[in-house]
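Here the structure is laid out as structure tokens; the discussion comes afterwards.
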Amino acid sequence: AIIGYAEMLQEESEDEGDNGAVQDLNRILTAAKHLLSLIGEILDLSKIEAGRMEAVASIFDPAEMLEDIIETVRPIADNNGNEIRLTGTVFGGDVSTDSMKLQQCILNLLSNAAKFTKNGKIDIEFDRKPCNGVEQLFITVRDTGIGMSKEHVSRLFQPFVQADPSITQQYGGTGLGLTITRRLCQLLGGDVTVKSALGEGSAFTLHVPANLADAATALGAAAKIDDVQGNEG
């Protein structure tokens, strides 16, 4: 309601040429949309942690999904002077997993790259290969942005924790986007990893089984691999 009324008043103020009111209403809209985003992310996280978030498989073409996501984020990338491109061949045909949740994960990663990179490059790399005993999709979002230190990376996926508090003041954000992205990938049977260096950009890689029916198998294999690595350590 706040957003709707503010948009109506903003249109009226623009028609009347009241620039001062337009600016004030734009601040109200920005704040309201930020609050709406925060509420939505808190609800998502609470559903995931309560075990009430369900994945529903549908058959879709990952190539079309990636192209749609890129076009959605392109205005943000263009506004920051960034070149955005898809690399690798999206081969192997359709997949069967939760398209909405996968799309949300990729959109979160790509939006972050577009926000934290200025006058740089953002590459979306696609691959499809066996992992943890099943065929999986691998999508890497690589940018030439501000990057992160090892300390910041270590707490990156903790809820309500920004990698660097000073970044929050400059770029905004709730500290939930990456936490939700990782939890959703795990719900689909995959995960998210990151490689980054301060001032040298970041590369986030998510992977999920091409078939949601393989999620339990993939997670079981991943747990076994972790156990072996832990024992070796």
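Each chain in the structure tokens gets a letter, A, B, ..., in the order shown, and its residues are numbered from 1; ligands are numbered from 1 in order too.
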
Write out as a tab-separated table (two decimals) with C-alpha atoms, in the first residue's frame the residues lying within 8 Å of range 30-35 of chain A, counting only C-alpha atoms and excluding same-chain residues fewer than 4 positions away.
chain	number	residue	atom	x	y	z
A	2	ILE	CA	2.82	2.40	0.87
A	3	ILE	CA	4.55	1.70	-2.44
A	26	ASN	CA	11.38	8.74	-4.46
A	39	ILE	CA	10.79	-8.87	4.90

So that I can see what lies close to range 185-202 of chain A, please list as a PDB file with all heavy atoms, in the first residue's frame the residues with an atom at most 9 Å from it, counting only C-alpha atoms and leaving out residues fewer than 2 positions away in the same chain.
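Output contents, as saved in selection.pdb:
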ATOM      1  N   ILE A  48      13.119 -21.826   5.216  1.00  0.00           N
ATOM      2  CA  ILE A  48      14.187 -22.793   4.966  1.00  0.00           C
ATOM      3  C   ILE A  48      14.631 -23.433   6.281  1.00  0.00           C
ATOM      4  O   ILE A  48      14.755 -24.649   6.395  1.00  0.00           O
ATOM      5  CB  ILE A  48      15.386 -22.121   4.268  1.00  0.00           C
ATOM      6  CG1 ILE A  48      15.000 -21.661   2.852  1.00  0.00           C
ATOM      7  CG2 ILE A  48      16.567 -23.076   4.183  1.00  0.00           C
ATOM      8  CD1 ILE A  48      16.035 -20.770   2.198  1.00  0.00           C
ATOM      9  N   MET A  53      10.334 -25.049   3.433  1.00  0.00           N
ATOM     10  CA  MET A  53      10.560 -24.653   2.041  1.00  0.00           C
ATOM     11  C   MET A  53      10.678 -25.915   1.202  1.00  0.00           C
ATOM     12  O   MET A  53      11.524 -26.768   1.466  1.00  0.00           O
ATOM     13  CB  MET A  53      11.839 -23.816   1.923  1.00  0.00           C
ATOM     14  CG  MET A  53      12.163 -23.355   0.509  1.00  0.00           C
ATOM     15  SD  MET A  53      11.138 -21.990  -0.056  1.00  0.00           S
ATOM     16  CE  MET A  53      11.892 -20.590   0.807  1.00  0.00           C
ATOM     17  N   GLU A  54       9.821 -26.056   0.216  1.00  0.00           N
ATOM     18  CA  GLU A  54       9.811 -27.251  -0.613  1.00  0.00           C
ATOM     19  C   GLU A  54      10.279 -26.931  -2.023  1.00  0.00           C
ATOM     20  O   GLU A  54      10.039 -25.839  -2.535  1.00  0.00           O
ATOM     21  CB  GLU A  54       8.404 -27.865  -0.669  1.00  0.00           C
ATOM     22  CG  GLU A  54       7.903 -28.365   0.686  1.00  0.00           C
ATOM     23  CD  GLU A  54       6.534 -29.006   0.585  1.00  0.00           C
ATOM     24  OE1 GLU A  54       5.960 -28.992  -0.531  1.00  0.00           O
ATOM     25  OE2 GLU A  54       6.040 -29.505   1.601  1.00  0.00           O
ATOM     26  N   ALA A  55      10.957 -27.890  -2.635  1.00  0.00           N
ATOM     27  CA  ALA A  55      11.394 -27.751  -4.028  1.00  0.00           C
ATOM     28  C   ALA A  55      10.451 -28.545  -4.921  1.00  0.00           C
ATOM     29  O   ALA A  55      10.094 -29.677  -4.603  1.00  0.00           O
ATOM     30  CB  ALA A  55      12.827 -28.258  -4.180  1.00  0.00           C
ATOM     31  N   THR A  97      14.508 -29.460 -12.420  1.00  0.00           N
ATOM     32  CA  THR A  97      14.699 -29.045 -11.033  1.00  0.00           C
ATOM     33  C   THR A  97      13.767 -27.862 -10.779  1.00  0.00           C
ATOM     34  O   THR A  97      12.958 -27.508 -11.636  1.00  0.00           O
ATOM     35  CB  THR A  97      16.173 -28.695 -10.756  1.00  0.00           C
ATOM     36  OG1 THR A  97      16.344 -28.446  -9.347  1.00  0.00           O
ATOM     37  CG2 THR A  97      16.631 -27.483 -11.543  1.00  0.00           C
ATOM     38  N   ASP A  98      13.871 -27.250  -9.612  1.00  0.00           N
ATOM     39  CA  ASP A  98      12.991 -26.132  -9.284  1.00  0.00           C
ATOM     40  C   ASP A  98      13.513 -24.872  -9.968  1.00  0.00           C
ATOM     41  O   ASP A  98      14.485 -24.262  -9.515  1.00  0.00           O
ATOM     42  CB  ASP A  98      12.939 -25.939  -7.761  1.00  0.00           C
ATOM     43  CG  ASP A  98      11.816 -25.008  -7.329  1.00  0.00           C
ATOM     44  OD1 ASP A  98      11.676 -23.945  -7.934  1.00  0.00           O
ATOM     45  OD2 ASP A  98      11.094 -25.356  -6.379  1.00  0.00           O
ATOM     46  N   LYS A 101      13.561 -21.437  -7.856  1.00  0.00           N
ATOM     47  CA  LYS A 101      14.600 -21.330  -6.827  1.00  0.00           C
ATOM     48  C   LYS A 101      15.991 -21.218  -7.453  1.00  0.00           C
ATOM     49  O   LYS A 101      16.835 -20.458  -6.976  1.00  0.00           O
ATOM     50  CB  LYS A 101      14.519 -22.525  -5.869  1.00  0.00           C
ATOM     51  CG  LYS A 101      13.280 -22.474  -4.987  1.00  0.00           C
ATOM     52  CD  LYS A 101      13.188 -23.660  -4.070  1.00  0.00           C
ATOM     53  CE  LYS A 101      11.981 -23.513  -3.126  1.00  0.00           C
ATOM     54  NZ  LYS A 101      10.703 -23.390  -3.852  1.00  0.00           N
ATOM     55  N   LEU A 102      16.225 -21.964  -8.519  1.00  0.00           N
ATOM     56  CA  LEU A 102      17.508 -21.846  -9.208  1.00  0.00           C
ATOM     57  C   LEU A 102      17.670 -20.455  -9.796  1.00  0.00           C
ATOM     58  O   LEU A 102      18.743 -19.847  -9.709  1.00  0.00           O
ATOM     59  CB  LEU A 102      17.618 -22.910 -10.305  1.00  0.00           C
ATOM     60  CG  LEU A 102      18.916 -22.900 -11.119  1.00  0.00           C
ATOM     61  CD1 LEU A 102      20.131 -23.080 -10.215  1.00  0.00           C
ATOM     62  CD2 LEU A 102      18.881 -23.972 -12.201  1.00  0.00           C
ATOM     63  N   CYS A 105      18.641 -17.996  -7.112  1.00  0.00           N
ATOM     64  CA  CYS A 105      20.053 -18.130  -6.738  1.00  0.00           C
ATOM     65  C   CYS A 105      20.963 -17.415  -7.733  1.00  0.00           C
ATOM     66  O   CYS A 105      21.848 -16.631  -7.344  1.00  0.00           O
ATOM     67  CB  CYS A 105      20.443 -19.604  -6.667  1.00  0.00           C
ATOM     68  SG  CYS A 105      19.667 -20.522  -5.323  1.00  0.00           S
ATOM     69  N   ALA A 113      27.206  -9.147  -8.340  1.00  0.00           N
ATOM     70  CA  ALA A 113      28.345  -8.847  -9.214  1.00  0.00           C
ATOM     71  C   ALA A 113      28.152  -7.502  -9.909  1.00  0.00           C
ATOM     72  O   ALA A 113      29.089  -6.703 -10.001  1.00  0.00           O
ATOM     73  CB  ALA A 113      28.517  -9.960 -10.246  1.00  0.00           C
ATOM     74  N   PHE A 116      28.613  -4.628  -7.195  1.00  0.00           N
ATOM     75  CA  PHE A 116      29.931  -4.411  -6.608  1.00  0.00           C
ATOM     76  C   PHE A 116      31.046  -4.250  -7.653  1.00  0.00           C
ATOM     77  O   PHE A 116      32.221  -4.245  -7.302  1.00  0.00           O
ATOM     78  CB  PHE A 116      30.285  -5.558  -5.664  1.00  0.00           C
ATOM     79  CG  PHE A 116      29.406  -5.634  -4.448  1.00  0.00           C
ATOM     80  CD1 PHE A 116      28.655  -6.768  -4.181  1.00  0.00           C
ATOM     81  CD2 PHE A 116      29.316  -4.562  -3.581  1.00  0.00           C
ATOM     82  CE1 PHE A 116      27.835  -6.837  -3.076  1.00  0.00           C
ATOM     83  CE2 PHE A 116      28.507  -4.613  -2.463  1.00  0.00           C
ATOM     84  CZ  PHE A 116      27.754  -5.749  -2.208  1.00  0.00           C
ATOM     85  N   THR A 117      30.668  -4.151  -8.921  1.00  0.00           N
ATOM     86  CA  THR A 117      31.647  -3.968  -9.996  1.00  0.00           C
ATOM     87  C   THR A 117      31.327  -2.694 -10.754  1.00  0.00           C
ATOM     88  O   THR A 117      30.173  -2.454 -11.102  1.00  0.00           O
ATOM     89  CB  THR A 117      31.620  -5.163 -10.973  1.00  0.00           C
ATOM     90  OG1 THR A 117      31.800  -6.376 -10.245  1.00  0.00           O
ATOM     91  CG2 THR A 117      32.705  -5.033 -12.027  1.00  0.00           C
ATOM     92  N   GLN A 136      25.438 -32.692 -12.860  1.00  0.00           N
ATOM     93  CA  GLN A 136      25.091 -31.421 -12.232  1.00  0.00           C
ATOM     94  C   GLN A 136      25.360 -30.241 -13.166  1.00  0.00           C
ATOM     95  O   GLN A 136      26.207 -30.303 -14.054  1.00  0.00           O
ATOM     96  CB  GLN A 136      25.882 -31.230 -10.933  1.00  0.00           C
ATOM     97  CG  GLN A 136      25.622 -32.313  -9.893  1.00  0.00           C
ATOM     98  CD  GLN A 136      25.748 -31.807  -8.476  1.00  0.00           C
ATOM     99  OE1 GLN A 136      25.482 -30.652  -8.185  1.00  0.00           O
ATOM    100  NE2 GLN A 136      26.138 -32.692  -7.563  1.00  0.00           N
ATOM    101  N   VAL A 141      29.642 -17.125 -11.632  1.00  0.00           N
ATOM    102  CA  VAL A 141      29.526 -15.686 -11.887  1.00  0.00           C
ATOM    103  C   VAL A 141      30.840 -15.055 -11.459  1.00  0.00           C
ATOM    104  O   VAL A 141      31.163 -15.014 -10.274  1.00  0.00           O
ATOM    105  CB  VAL A 141      28.344 -15.068 -11.120  1.00  0.00           C
ATOM    106  CG1 VAL A 141      28.302 -13.560 -11.342  1.00  0.00           C
ATOM    107  CG2 VAL A 141      27.024 -15.706 -11.571  1.00  0.00           C
ATOM    108  N   ARG A 142      31.600 -14.581 -12.437  1.00  0.00           N
ATOM    109  CA  ARG A 142      32.942 -14.054 -12.185  1.00  0.00           C
ATOM    110  C   ARG A 142      32.959 -12.552 -12.507  1.00  0.00           C
ATOM    111  O   ARG A 142      32.515 -12.142 -13.579  1.00  0.00           O
ATOM    112  CB  ARG A 142      33.949 -14.782 -13.067  1.00  0.00           C
ATOM    113  CG  ARG A 142      35.416 -14.510 -12.736  1.00  0.00           C
ATOM    114  CD  ARG A 142      36.333 -15.218 -13.735  1.00  0.00           C
ATOM    115  NE  ARG A 142      35.978 -16.622 -13.901  1.00  0.00           N
ATOM    116  CZ  ARG A 142      36.380 -17.593 -13.077  1.00  0.00           C
ATOM    117  NH1 ARG A 142      37.165 -17.296 -12.062  1.00  0.00           N
ATOM    118  NH2 ARG A 142      36.015 -18.847 -13.303  1.00  0.00           N
ATOM    119  N   ASP A 143      33.453 -11.752 -11.562  1.00  0.00           N
ATOM    120  CA  ASP A 143      33.482 -10.306 -11.792  1.00  0.00           C
ATOM    121  C   ASP A 143      34.872  -9.733 -11.516  1.00  0.00           C
ATOM    122  O   ASP A 143      35.731 -10.406 -10.941  1.00  0.00           O
ATOM    123  CB  ASP A 143      32.440  -9.589 -10.921  1.00  0.00           C
ATOM    124  CG  ASP A 143      32.728  -9.703  -9.427  1.00  0.00           C
ATOM    125  OD1 ASP A 143      33.780  -9.222  -8.983  1.00  0.00           O
ATOM    126  OD2 ASP A 143      31.880 -10.261  -8.696  1.00  0.00           O
ATOM    127  N   THR A 144      35.071  -8.499 -11.940  1.00  0.00           N
ATOM    128  CA  THR A 144      36.333  -7.790 -11.708  1.00  0.00           C
ATOM    129  C   THR A 144      36.123  -6.675 -10.688  1.00  0.00           C
ATOM    130  O   THR A 144      36.745  -5.627 -10.767  1.00  0.00           O
ATOM    131  CB  THR A 144      36.876  -7.205 -13.021  1.00  0.00           C
ATOM    132  OG1 THR A 144      35.902  -6.323 -13.587  1.00  0.00           O
ATOM    133  CG2 THR A 144      37.185  -8.307 -14.025  1.00  0.00           C
ATOM    134  N   GLY A 145      35.214  -6.911  -9.739  1.00  0.00           N
ATOM    135  CA  GLY A 145      34.823  -5.887  -8.773  1.00  0.00           C
ATOM    136  C   GLY A 145      35.752  -5.736  -7.597  1.00  0.00           C
ATOM    137  O   GLY A 145      36.953  -6.024  -7.674  1.00  0.00           O
ATOM    138  N   ILE A 146      35.179  -5.313  -6.464  1.00  0.00           N
ATOM    139  CA  ILE A 146      35.989  -4.919  -5.303  1.00  0.00           C
ATOM    140  C   ILE A 146      36.641  -6.102  -4.603  1.00  0.00           C
ATOM    141  O   ILE A 146      37.635  -5.937  -3.898  1.00  0.00           O
ATOM    142  CB  ILE A 146      35.141  -4.124  -4.289  1.00  0.00           C
ATOM    143  CG1 ILE A 146      33.947  -4.958  -3.809  1.00  0.00           C
ATOM    144  CG2 ILE A 146      34.660  -2.818  -4.922  1.00  0.00           C
ATOM    145  CD1 ILE A 146      33.109  -4.265  -2.744  1.00  0.00           C
ATOM    146  N   GLY A 147      36.081  -7.301  -4.767  1.00  0.00           N
ATOM    147  CA  GLY A 147      36.667  -8.481  -4.143  1.00  0.00           C
ATOM    148  C   GLY A 147      36.551  -8.477  -2.625  1.00  0.00           C
ATOM    149  O   GLY A 147      35.997  -7.548  -2.023  1.00  0.00           O
ATOM    150  N   MET A 148      37.077  -9.525  -2.012  1.00  0.00           N
ATOM    151  CA  MET A 148      36.990  -9.673  -0.548  1.00  0.00           C
ATOM    152  C   MET A 148      38.271 -10.299  -0.005  1.00  0.00           C
ATOM    153  O   MET A 148      38.946 -11.052  -0.700  1.00  0.00           O
ATOM    154  CB  MET A 148      35.811 -10.590  -0.184  1.00  0.00           C
ATOM    155  CG  MET A 148      34.454 -10.045  -0.526  1.00  0.00           C
ATOM    156  SD  MET A 148      33.153 -11.295  -0.285  1.00  0.00           S
ATOM    157  CE  MET A 148      33.464 -12.350  -1.700  1.00  0.00           C
ATOM    158  N   SER A 149      38.545 -10.002   1.269  1.00  0.00           N
ATOM    159  CA  SER A 149      39.683 -10.625   1.942  1.00  0.00           C
ATOM    160  C   SER A 149      39.272 -12.014   2.426  1.00  0.00           C
ATOM    161  O   SER A 149      38.092 -12.366   2.452  1.00  0.00           O
ATOM    162  CB  SER A 149      40.121  -9.772   3.138  1.00  0.00           C
ATOM    163  OG  SER A 149      39.112  -9.778   4.128  1.00  0.00           O
ATOM    164  N   LYS A 150      40.253 -12.827   2.863  1.00  0.00           N
ATOM    165  CA  LYS A 150      39.954 -14.156   3.395  1.00  0.00           C
ATOM    166  C   LYS A 150      39.052 -14.071   4.622  1.00  0.00           C
ATOM    167  O   LYS A 150      38.172 -14.910   4.826  1.00  0.00           O
ATOM    168  CB  LYS A 150      41.264 -14.876   3.750  1.00  0.00           C
ATOM    169  CG  LYS A 150      42.082 -15.304   2.545  1.00  0.00           C
ATOM    170  CD  LYS A 150      43.321 -16.073   2.980  1.00  0.00           C
ATOM    171  CE  LYS A 150      44.126 -16.531   1.776  1.00  0.00           C
ATOM    172  NZ  LYS A 150      45.354 -17.278   2.182  1.00  0.00           N
ATOM    173  N   VAL A 153      35.504 -13.461   3.444  1.00  0.00           N
ATOM    174  CA  VAL A 153      34.956 -14.661   2.809  1.00  0.00           C
ATOM    175  C   VAL A 153      34.526 -15.676   3.865  1.00  0.00           C
ATOM    176  O   VAL A 153      33.501 -16.360   3.711  1.00  0.00           O
ATOM    177  CB  VAL A 153      35.988 -15.293   1.845  1.00  0.00           C
ATOM    178  CG1 VAL A 153      35.519 -16.671   1.376  1.00  0.00           C
ATOM    179  CG2 VAL A 153      36.210 -14.381   0.639  1.00  0.00           C
ATOM    180  N   ILE A 180      20.647 -17.104   1.805  1.00  0.00           N
ATOM    181  CA  ILE A 180      19.494 -17.746   1.182  1.00  0.00           C
ATOM    182  C   ILE A 180      19.914 -18.491  -0.076  1.00  0.00           C
ATOM    183  O   ILE A 180      19.459 -19.614  -0.332  1.00  0.00           O
ATOM    184  CB  ILE A 180      18.412 -16.694   0.863  1.00  0.00           C
ATOM    185  CG1 ILE A 180      17.822 -16.148   2.166  1.00  0.00           C
ATOM    186  CG2 ILE A 180      17.319 -17.278  -0.023  1.00  0.00           C
ATOM    187  CD1 ILE A 180      16.911 -14.962   1.989  1.00  0.00           C
ATOM    188  N   THR A 181      20.803 -17.892  -0.862  1.00  0.00           N
ATOM    189  CA  THR A 181      21.279 -18.536  -2.084  1.00  0.00           C
ATOM    190  C   THR A 181      21.904 -19.889  -1.777  1.00  0.00           C
ATOM    191  O   THR A 181      21.606 -20.894  -2.435  1.00  0.00           O
ATOM    192  CB  THR A 181      22.304 -17.638  -2.804  1.00  0.00           C
ATOM    193  OG1 THR A 181      21.660 -16.426  -3.207  1.00  0.00           O
ATOM    194  CG2 THR A 181      22.869 -18.327  -4.036  1.00  0.00           C
ATOM    195  N   ARG A 182      22.751 -19.928  -0.761  1.00  0.00           N
ATOM    196  CA  ARG A 182      23.417 -21.195  -0.423  1.00  0.00           C
ATOM    197  C   ARG A 182      22.411 -22.215   0.105  1.00  0.00           C
ATOM    198  O   ARG A 182      22.456 -23.396  -0.259  1.00  0.00           O
ATOM    199  CB  ARG A 182      24.508 -20.960   0.614  1.00  0.00           C
ATOM    200  CG  ARG A 182      25.343 -22.202   0.850  1.00  0.00           C
ATOM    201  CD  ARG A 182      26.552 -21.928   1.710  1.00  0.00           C
ATOM    202  NE  ARG A 182      27.630 -22.851   1.402  1.00  0.00           N
ATOM    203  CZ  ARG A 182      28.814 -22.826   1.999  1.00  0.00           C
ATOM    204  NH1 ARG A 182      29.075 -21.909   2.917  1.00  0.00           N
ATOM    205  NH2 ARG A 182      29.739 -23.687   1.670  1.00  0.00           N
ATOM    206  N   ARG A 183      21.490 -21.780   0.964  1.00  0.00           N
ATOM    207  CA  ARG A 183      20.501 -22.709   1.518  1.00  0.00           C
ATOM    208  C   ARG A 183      19.602 -23.271   0.412  1.00  0.00           C
ATOM    209  O   ARG A 183      19.236 -24.446   0.442  1.00  0.00           O
ATOM    210  CB  ARG A 183      19.651 -22.005   2.578  1.00  0.00           C
ATOM    211  CG  ARG A 183      20.436 -21.400   3.733  1.00  0.00           C
ATOM    212  CD  ARG A 183      20.927 -22.423   4.735  1.00  0.00           C
ATOM    213  NE  ARG A 183      21.737 -21.804   5.768  1.00  0.00           N
ATOM    214  CZ  ARG A 183      21.256 -21.220   6.858  1.00  0.00           C
ATOM    215  NH1 ARG A 183      19.958 -21.188   7.068  1.00  0.00           N
ATOM    216  NH2 ARG A 183      22.071 -20.687   7.750  1.00  0.00           N
ATOM    217  N   PHE A 204      31.827 -16.668  -7.847  1.00  0.00           N
ATOM    218  CA  PHE A 204      30.900 -17.538  -7.123  1.00  0.00           C
ATOM    219  C   PHE A 204      30.470 -18.657  -8.056  1.00  0.00           C
ATOM    220  O   PHE A 204      30.039 -18.403  -9.184  1.00  0.00           O
ATOM    221  CB  PHE A 204      29.666 -16.764  -6.670  1.00  0.00           C
ATOM    222  CG  PHE A 204      29.905 -15.834  -5.517  1.00  0.00           C
ATOM    223  CD1 PHE A 204      30.391 -14.551  -5.734  1.00  0.00           C
ATOM    224  CD2 PHE A 204      29.650 -16.229  -4.212  1.00  0.00           C
ATOM    225  CE1 PHE A 204      30.611 -13.679  -4.679  1.00  0.00           C
ATOM    226  CE2 PHE A 204      29.863 -15.377  -3.148  1.00  0.00           C
ATOM    227  CZ  PHE A 204      30.350 -14.096  -3.381  1.00  0.00           C
ATOM    228  N   THR A 205      30.562 -19.891  -7.592  1.00  0.00           N
ATOM    229  CA  THR A 205      30.147 -21.052  -8.388  1.00  0.00           C
ATOM    230  C   THR A 205      29.060 -21.810  -7.648  1.00  0.00           C
ATOM    231  O   THR A 205      29.252 -22.222  -6.504  1.00  0.00           O
ATOM    232  CB  THR A 205      31.326 -21.999  -8.657  1.00  0.00           C
ATOM    233  OG1 THR A 205      32.339 -21.301  -9.381  1.00  0.00           O
ATOM    234  CG2 THR A 205      30.863 -23.199  -9.472  1.00  0.00           C
ATOM    235  N   LEU A 206      27.914 -21.952  -8.299  1.00  0.00           N
ATOM    236  CA  LEU A 206      26.864 -22.788  -7.733  1.00  0.00           C
ATOM    237  C   LEU A 206      26.717 -24.037  -8.586  1.00  0.00           C
ATOM    238  O   LEU A 206      26.953 -24.014  -9.790  1.00  0.00           O
ATOM    239  CB  LEU A 206      25.544 -22.036  -7.626  1.00  0.00           C
ATOM    240  CG  LEU A 206      24.750 -21.632  -8.869  1.00  0.00           C
ATOM    241  CD1 LEU A 206      23.935 -22.794  -9.438  1.00  0.00           C
ATOM    242  CD2 LEU A 206      23.816 -20.482  -8.548  1.00  0.00           C
ATOM    243  N   HIS A 207      26.360 -25.134  -7.937  1.00  0.00           N
ATOM    244  CA  HIS A 207      26.101 -26.363  -8.676  1.00  0.00           C
ATOM    245  C   HIS A 207      24.887 -27.051  -8.081  1.00  0.00           C
ATOM    246  O   HIS A 207      24.693 -27.056  -6.855  1.00  0.00           O
ATOM    247  CB  HIS A 207      27.312 -27.302  -8.676  1.00  0.00           C
ATOM    248  CG  HIS A 207      27.722 -27.801  -7.335  1.00  0.00           C
ATOM    249  ND1 HIS A 207      27.225 -28.964  -6.777  1.00  0.00           N
ATOM    250  CD2 HIS A 207      28.575 -27.289  -6.420  1.00  0.00           C
ATOM    251  CE1 HIS A 207      27.766 -29.155  -5.597  1.00  0.00           C
ATOM    252  NE2 HIS A 207      28.589 -28.155  -5.340  1.00  0.00           N
ATOM    253  N   VAL A 208      24.035 -27.583  -8.945  1.00  0.00           N
ATOM    254  CA  VAL A 208      22.847 -28.322  -8.522  1.00  0.00           C
ATOM    255  C   VAL A 208      22.657 -29.496  -9.480  1.00  0.00           C
ATOM    256  O   VAL A 208      23.016 -29.409 -10.656  1.00  0.00           O
ATOM    257  CB  VAL A 208      21.574 -27.443  -8.520  1.00  0.00           C
ATOM    258  CG1 VAL A 208      21.695 -26.296  -7.530  1.00  0.00           C
ATOM    259  CG2 VAL A 208      21.276 -26.909  -9.906  1.00  0.00           C
ATOM    260  N   PRO A 209      22.098 -30.612  -9.000  1.00  0.00           N
ATOM    261  CA  PRO A 209      21.826 -31.729  -9.899  1.00  0.00           C
ATOM    262  C   PRO A 209      20.893 -31.322 -11.040  1.00  0.00           C
ATOM    263  O   PRO A 209      19.967 -30.528 -10.840  1.00  0.00           O
ATOM    264  CB  PRO A 209      21.147 -32.757  -8.981  1.00  0.00           C
ATOM    265  CG  PRO A 209      21.658 -32.431  -7.613  1.00  0.00           C
ATOM    266  CD  PRO A 209      21.792 -30.948  -7.594  1.00  0.00           C
ATOM    267  N   LEU A 212      16.214 -33.018 -10.059  1.00  0.00           N
ATOM    268  CA  LEU A 212      15.952 -32.857  -8.624  1.00  0.00           C
ATOM    269  C   LEU A 212      15.833 -34.204  -7.917  1.00  0.00           C
ATOM    270  O   LEU A 212      16.130 -34.308  -6.720  1.00  0.00           O
ATOM    271  CB  LEU A 212      14.664 -32.044  -8.427  1.00  0.00           C
ATOM    272  CG  LEU A 212      14.277 -31.705  -6.989  1.00  0.00           C
ATOM    273  CD1 LEU A 212      15.353 -30.871  -6.315  1.00  0.00           C
ATOM    274  CD2 LEU A 212      12.932 -30.978  -6.954  1.00  0.00           C
ATOM    275  N   ASP A 214      17.758 -36.524  -8.048  1.00  0.00           N
ATOM    276  CA  ASP A 214      19.099 -36.955  -7.638  1.00  0.00           C
ATOM    277  C   ASP A 214      19.636 -36.154  -6.452  1.00  0.00           C
ATOM    278  O   ASP A 214      20.794 -36.338  -6.057  1.00  0.00           O
ATOM    279  CB  ASP A 214      20.079 -36.811  -8.814  1.00  0.00           C
ATOM    280  CG  ASP A 214      19.756 -37.760  -9.949  1.00  0.00           C
ATOM    281  OD1 ASP A 214      19.231 -38.850  -9.671  1.00  0.00           O
ATOM    282  OD2 ASP A 214      20.029 -37.405 -11.120  1.00  0.00           O
ATOM    283  N   ALA A 215      18.826 -35.246  -5.898  1.00  0.00           N
ATOM    284  CA  ALA A 215      19.313 -34.354  -4.842  1.00  0.00           C
ATOM    285  C   ALA A 215      19.830 -35.117  -3.633  1.00  0.00           C
ATOM    286  O   ALA A 215      20.914 -34.839  -3.118  1.00  0.00           O
ATOM    287  CB  ALA A 215      18.206 -33.385  -4.421  1.00  0.00           C
ATOM    288  N   ALA A 216      19.057 -36.108  -3.151  1.00  0.00           N
ATOM    289  CA  ALA A 216      19.468 -36.859  -1.961  1.00  0.00           C
ATOM    290  C   ALA A 216      20.755 -37.633  -2.212  1.00  0.00           C
ATOM    291  O   ALA A 216      21.645 -37.688  -1.353  1.00  0.00           O
ATOM    292  CB  ALA A 216      18.350 -37.813  -1.536  1.00  0.00           C
ATOM    293  N   THR A 217      20.871 -38.215  -3.409  1.00  0.00           N
ATOM    294  CA  THR A 217      22.090 -38.950  -3.764  1.00  0.00           C
ATOM    295  C   THR A 217      23.302 -38.028  -3.761  1.00  0.00           C
ATOM    296  O   THR A 217      24.363 -38.363  -3.219  1.00  0.00           O
ATOM    297  CB  THR A 217      21.938 -39.586  -5.165  1.00  0.00           C
ATOM    298  OG1 THR A 217      20.825 -40.473  -5.154  1.00  0.00           O
ATOM    299  CG2 THR A 217      23.197 -40.351  -5.551  1.00  0.00           C
ATOM    300  N   ALA A 218      23.140 -36.845  -4.361  1.00  0.00           N
ATOM    301  CA  ALA A 218      24.242 -35.878  -4.442  1.00  0.00           C
ATOM    302  C   ALA A 218      24.656 -35.395  -3.063  1.00  0.00           C
ATOM    303  O   ALA A 218      25.846 -35.296  -2.753  1.00  0.00           O
ATOM    304  CB  ALA A 218      23.829 -34.698  -5.316  1.00  0.00           C
ATOM    305  N   LEU A 219      23.677 -35.113  -2.204  1.00  0.00           N
ATOM    306  CA  LEU A 219      23.990 -34.636  -0.857  1.00  0.00           C
ATOM    307  C   LEU A 219      24.663 -35.718  -0.032  1.00  0.00           C
ATOM    308  O   LEU A 219      25.582 -35.461   0.742  1.00  0.00           O
ATOM    309  CB  LEU A 219      22.705 -34.169  -0.161  1.00  0.00           C
ATOM    310  CG  LEU A 219      22.119 -32.845  -0.655  1.00  0.00           C
ATOM    311  CD1 LEU A 219      20.771 -32.591  -0.002  1.00  0.00           C
ATOM    312  CD2 LEU A 219      23.070 -31.689  -0.375  1.00  0.00           C
ATOM    313  N   ALA A 222      28.216 -35.970  -1.159  1.00  0.00           N
ATOM    314  CA  ALA A 222      28.978 -34.814  -0.692  1.00  0.00           C
ATOM    315  C   ALA A 222      29.351 -34.977   0.775  1.00  0.00           C
ATOM    316  O   ALA A 222      30.458 -34.643   1.193  1.00  0.00           O
ATOM    317  CB  ALA A 222      28.167 -33.537  -0.900  1.00  0.00           C
TER     318      ALA A 222
END

Worksheet item: What is the distance, in Å and to one decimal place, between CA of Lys115 in chain A and CA of Ala77 in chain A?
Response: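 Separating CA of Lys115 in chain A from CA of Ala77 in chain A is a distance of 7.3 Å.
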
Discussion item. Just list as a PyMOL selection string whatever in range 17-54 of chain A DSSP marks as alpha helix (DSSP H).
Written reply: chain A and resi 19-49

Practice prompt. Enter the distance from CA of Arg85 in chain A to CA of Cys131 in chain A, in Å, rounded to one decimal.
Written response: 25.3 Å

Discussion item. As a ChimeraX atom specification, please: the residues near Glu125 in chain A (cut-off 7 Å, only C-alpha atoms, same-chain neighbours under 3 positions excluded).
Written reply: /A:86-88,139-141

Worksheet item: How many Å separate CA of Asn79 in chain A from CA of Glu67 in chain A?
Response: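 Pair CA of Asn79 in chain A / CA of Glu67 in chain A returns 18.7 Å.
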
Discussion item. Give me, as a PyMOL selection string, the residues of range 8-222 of chain A that a backbone DSSP run labels strand (DSSP E or B).
Written reply: chain A and resi 58-60+83-87+95-97+121-131+134-143+191-196+202-209+211
